[in-house]
Amino acid sequence: MDVLAILIPVSLGLGLLGLGAFWWTLRSKQYDDPDGDRHRILSDDYDDQPKR
Amino acid sequence: MAYAEDAGGGGACPGCVALPEIARRAEEARRAEGQQVQLSLPTIHCAACISGVERGLMQMPGVNDVRVNLTRKRATVHVADGIDPDALVRHLGRLGFEAMPLDGATLSAGENDRAARDLLMRLGVSGFAMMNVMLLSVAVWSGATDATRDLFHWLSAAIAIPTVLFAGQPFFRSAAAALGARRLNMDVPISLAILLATGVSLSETILSGKHAYFDAAISLTFFLLAGRFLDQKMRGTARSAAAELAALEAPLALRIGGEGTETVRLEEVAVGDLLLVRPGAKVPVDGVVTQGTSELDRAFLTGETDPVAVGEGETLRAGEVNLTGPLTMRATAVGEDTLLHGLADLVAVAEEAKSRYNSIANRASRIYSPLVHIMALAGFVTWMSATGDFRTSMMIAVSLLIITCPCALGLAVPAVSTVASGKLFRLGMLVKHGTALERLSEVSHVVFDKTGTLTLGRPALVGPDGLPRETLALAAALAAGSDHPRSRAIAAAAELRDLPKVRVTDIRETPGYGVEGLWQGRRVRLGRAAWVGAEGSGTVLSVEGEAPVALEFEDVLRPGAAKLVAALKAKGVPVTLLSGDAEAPVRALADELGIEDWQAAMLPGEKAEAIDGLTAGGARVLMVGDGLNDVGALAAAHVSIAPASALEATRVAADMVLVAGDLGNVAEAMRIARVAQRRIKENFAAAALYNVVCVPIAFMGFASPLAAAIAMSTSSIVVSVNALRTR
């Protein structure tokens, strides 16, 4: 059971990493234009003016 | 294609293309701080549209930055000072994109966005916590004992307690507000269940007990937040679309000052100011004409289709449309005092009445909330008296609270409403009011306004083929130079036919009267009968030395109107037409559409009374109207729809706004509302069934945390999937 001492912090750390990433996407307003982002990924243009 | 252009025009790599562009923009940004312009782009729909608009605008000098938002069909443009938004609109028009400037001040979606982001953050945090606590719980359920189980419970507590305190706040706040007002709402049992489950689990953990409900507390929070988020999202979309409609008509007026005219916002107009009303523009405030003659379209106010002539000294009402000549007016009432704003009271009364509407969700929670509490209490008392063990009794009470907690109920309504509203949104209908969909599903009688609702409020020439070809050609030649709606109707009728060429010279328009010119040396006039020199009223064409010819006009039907009326009759829903217009045109339209029940020349108050009469007779009335004379009726009806072409005041009064031009969608909307209502009821039935099965199990003490977790997830998934069947 000693392995738990490593596994639990690792799993929690990974979860927190995901939460942090989610927090970042939310803060940088990445959910404001889901339709646009869906199409933009197919566009040939280089998106050199991402939303600030 | 786009790729080839890129390669030919710029460099080989994206960065090479981007670099000079960045330099140019940086330089321009230095030169001018600039301002932000919002444009509405109703027709964009694809990747090519995004890059077309963005690239097209970037080519314009003075444009620093463009960002298209496809979800909102909007573009935010940063431009240097002094760039006119209309120039951007014209530029986009040349590129083939329809665009309209939006009034930035009217458009403040910030509050809404923040609320949605806040809920999403809480949803994310509780989702994270749910996953981790579940992971730990699975280990406990699969047989962890003693020190390992305690460790896992402590870890779960460490994750769950801060999460519940953070993510549960929306429920706690609403419950506190309800209790403060001595009411019970859905959030009271929810908060109680979450807090009690967490508290009992913590004490169990401290006493190193067997069962902890941390996972249940968190998944309850998560599922309910998901329902709350869907609800917020749906209302946000409708609200932002309604705000956009308001922002399209920037409240501006042309004030005549010392040096020419200036454009001012409506709030800045004071009583006594001189204002210029151009042909085609709306009268901004109530006032009196001081100079000029013209004709007014009063359809919004009275429902009449015929234009009304005005001259010096006559009264103007905010909302009327000036048709032919420029008018100078002196403002006599502004802002709150205008007739238009007088209607706001009516609207407020209607809102009040509608907020009292008892929705099915409300009724359900009124029965449900006390039931949940009583059940938990009963469980506690029964076990306490049977065993005398406080700890066991408390566990039973908590498991009962968790099982009966309206997790599925919290999702049942928002999930269906979101799906149905999304469908209606795609049909071009905005659902503005929370309970409008439900009220729409109950409609048993439909009342229409005529002008601007069943018709477009735009005249068309009657029987152009019955007129001599030369007469029509002559009328069209005269009409070509005028913006009067009837002139445009004549020109439109002539365009479809192959007519002989006529040459009319010296064409001159006398605003408010008509157009005259010279044809083969003779004077020809097209205009009001009295001015032309003929008997009667209406529009007349006269040629010097010949008998005058009267031209008849009728209102154009709105697309889908005939289909809608036919569909309603086929379903056996009675249809009534109430119009403020004169009897003859109303009769003609009623006959054309096959409406037997109609009334003409109705005053606004009479319309509202007629609706009240129908309501008193037991009918649930859907009112569809666009005029200011309909506001009372819209407010009195069970549910109301206004087309987007209506004035702001009317749209505010209505529960739904029809953005699409096709009225036929109303029948489809009614069908969707009925289906949605059926799904909601099915969801409630599913939730009730689940309670019937699970409550006895929990009561007998068999509801382990594992059973609770399975039951809760299953019921939530069942109602969500059922909601998706709404089509």
# chains A, B, ... in the order shown; residues from 1 in each chain; ligands from 1
call {"tool": "select_by_dssp", "arguments": {"residues": "region 7-50 of chain A", "states": "alpha helix (DSSP H)", "output": "ChimeraX atom specification"}}
result
/A:7-27,34-40
call {"tool": "closest_atom_pairs", "arguments": {"of": "chain A", "to": "chain B", "cutoff": "6 Å", "atoms": "only C-alpha atoms", "output": "JSON lines"}}
result
{"residue": "A:Asp33", "atom": "CA", "partner": "B:Thr71", "partner_atom": "CA", "distance": 5.2}
{"residue": "A:Asp35", "atom": "CA", "partner": "B:Thr71", "partner_atom": "CA", "distance": 5.1}
{"residue": "A:Gly36", "atom": "CA", "partner": "B:Leu70", "partner_atom": "CA", "distance": 4.5}
{"residue": "A:His39", "atom": "CA", "partner": "B:Ala47", "partner_atom": "CA", "distance": 4.9}
{"residue": "A:Arg40", "atom": "CA", "partner": "B:Ala47", "partner_atom": "CA", "distance": 5.8}
{"residue": "A:Ser43", "atom": "CA", "partner": "B:Ala47", "partner_atom": "CA", "distance": 5.9}
{"residue": "A:Tyr46", "atom": "CA", "partner": "B:Pro14", "partner_atom": "CA", "distance": 5.6}
call {"tool": "write_last_selection", "arguments": {"atoms": "C-alpha atoms", "output": "CSV table (one decimal), in the first residue's frame"}}
result
chain,number,residue,atom,x,y,z
A,33,ASP,CA,-17.2,32.3,-29.8
A,35,ASP,CA,-19.0,28.6,-33.6
A,36,GLY,CA,-16.3,30.9,-34.8
A,39,HIS,CA,-14.7,27.4,-38.4
A,40,ARG,CA,-11.5,29.2,-37.8
A,43,SER,CA,-9.3,28.5,-42.3
A,46,TYR,CA,-2.8,32.6,-40.3
call {"tool": "closest_residue", "arguments": {"among": "B:Ala364, B:Ala636, B:Leu400, B:Leu430", "to": "Ser704 (chain B)", "atoms": "only C-alpha atoms"}}
result
B:Leu400
call {"tool": "residues_around", "arguments": {"residues": "region 264-278 of chain B", "least_positions_apart": "5", "cutoff": "7 Å", "atoms": "only C-alpha atoms", "output": "CSV table (one decimal) with N, CA and C atoms, in the first residue's frame"}}
result
chain,number,residue,atom,x,y,z
B,251,PRO,N,-30.6,55.3,-30.8
B,251,PRO,CA,-31.5,56.4,-30.5
B,251,PRO,C,-30.9,57.8,-30.8
B,252,LEU,N,-30.9,58.2,-32.0
B,252,LEU,CA,-30.2,59.4,-32.4
B,252,LEU,C,-31.2,60.4,-33.0
B,253,ALA,N,-30.9,61.7,-32.9
B,253,ALA,CA,-31.8,62.7,-33.5
B,253,ALA,C,-30.8,63.8,-34.1
B,254,LEU,N,-31.4,64.5,-35.1
B,254,LEU,CA,-30.6,65.5,-35.8
B,254,LEU,C,-31.1,66.8,-35.2
B,255,ARG,N,-30.2,67.5,-34.5
B,255,ARG,CA,-30.6,68.7,-33.8
B,255,ARG,C,-30.0,69.9,-34.7
B,256,ILE,N,-30.9,70.9,-34.9
B,256,ILE,CA,-30.5,72.1,-35.7
B,256,ILE,C,-29.9,73.1,-34.7
B,283,VAL,N,-39.7,59.7,-36.4
B,283,VAL,CA,-39.8,60.9,-35.5
B,283,VAL,C,-39.2,60.5,-34.2
B,322,ASN,N,-41.5,59.5,-41.2
B,322,ASN,CA,-41.7,60.6,-42.2
B,322,ASN,C,-41.4,60.0,-43.6
B,326,PRO,N,-38.5,66.7,-46.0
B,326,PRO,CA,-37.9,67.0,-44.7
B,326,PRO,C,-38.8,67.8,-43.8
B,327,LEU,N,-38.8,67.5,-42.5
B,327,LEU,CA,-39.6,68.3,-41.6
B,327,LEU,C,-38.7,68.9,-40.5
B,328,THR,N,-39.0,70.1,-40.1
B,328,THR,CA,-38.4,70.7,-38.9
B,328,THR,C,-39.4,70.7,-37.8
B,329,MET,N,-39.0,70.2,-36.7
B,329,MET,CA,-40.0,70.1,-35.6
B,329,MET,C,-39.4,70.7,-34.3
B,330,ARG,N,-40.3,71.1,-33.4
B,330,ARG,CA,-39.8,71.6,-32.1
B,330,ARG,C,-40.3,70.5,-31.1
B,331,ALA,N,-39.3,70.0,-30.3
B,331,ALA,CA,-39.7,69.0,-29.4
B,331,ALA,C,-40.6,69.5,-28.3
B,332,THR,N,-41.7,68.8,-28.0
B,332,THR,CA,-42.5,69.3,-26.9
B,332,THR,C,-42.5,68.3,-25.7
B,333,ALA,N,-42.1,67.1,-26.0
B,333,ALA,CA,-42.0,66.1,-24.9
B,333,ALA,C,-40.9,65.2,-25.2
B,334,VAL,N,-40.0,65.0,-24.3
B,334,VAL,CA,-38.9,64.1,-24.5
B,334,VAL,C,-38.8,63.0,-23.5
B,335,GLY,N,-38.1,62.0,-23.8
B,335,GLY,CA,-37.8,60.9,-22.9
B,335,GLY,C,-39.0,60.3,-22.3
call {"tool": "residues_around", "arguments": {"residues": "Tyr213 (chain B)", "least_positions_apart": "3", "cutoff": "6 Å", "atoms": "only C-alpha atoms", "output": "list in words"}}
result
Ala197, Ser201, Ala216 and Pro705 of chain B
call {"tool": "write_last_selection", "arguments": {"atoms": "C-alpha atoms", "output": "compact mmCIF listing (two decimals), in the first residue's frame"}}
result
# COMPACT_ATOMS: atom_id res chain seq x y z
CA ALA B 197 -24.51 15.44 3.62
CA SER B 201 -19.90 12.77 6.28
CA ALA B 216 -23.06 12.47 -3.32
CA PRO B 705 -23.34 5.91 -0.78
call {"tool": "residues_around", "arguments": {"residues": "region 640-645 of chain B", "least_positions_apart": "5", "cutoff": "10 Å", "atoms": "only C-alpha atoms", "output": "PyMOL selection string"}}
result
chain B and resi 242+245-246+428-432+436+439-440+446-449+452-453+456+621-627+630-631+633-635+650-663+666
call {"tool": "residues_around", "arguments": {"residues": "Glu98 (chain B)", "least_positions_apart": "2", "cutoff": "10 Å", "atoms": "only C-alpha atoms", "output": "list in words"}}
result
Leu39, Ser40, Leu41, Pro42, Thr43, Ile44, Val89, Arg90, His91, Leu92, Gly93, Arg94, Leu95, Gly96 and Met100 of chain B
call {"tool": "atom_distance", "arguments": {"atom1": "CA of Ala601 (chain B)", "atom2": "CA of Ala550 (chain B)"}}
result
24.2 Å
call {"tool": "residues_around", "arguments": {"residues": "Ile8 (chain A)", "least_positions_apart": "2", "cutoff": "12 Å", "atoms": "only C-alpha atoms", "output": "PyMOL selection string"}}
result
(chain A and resi 1-6+10-15) or (chain B and resi 132-133+135-136+139+151-152+155-156)
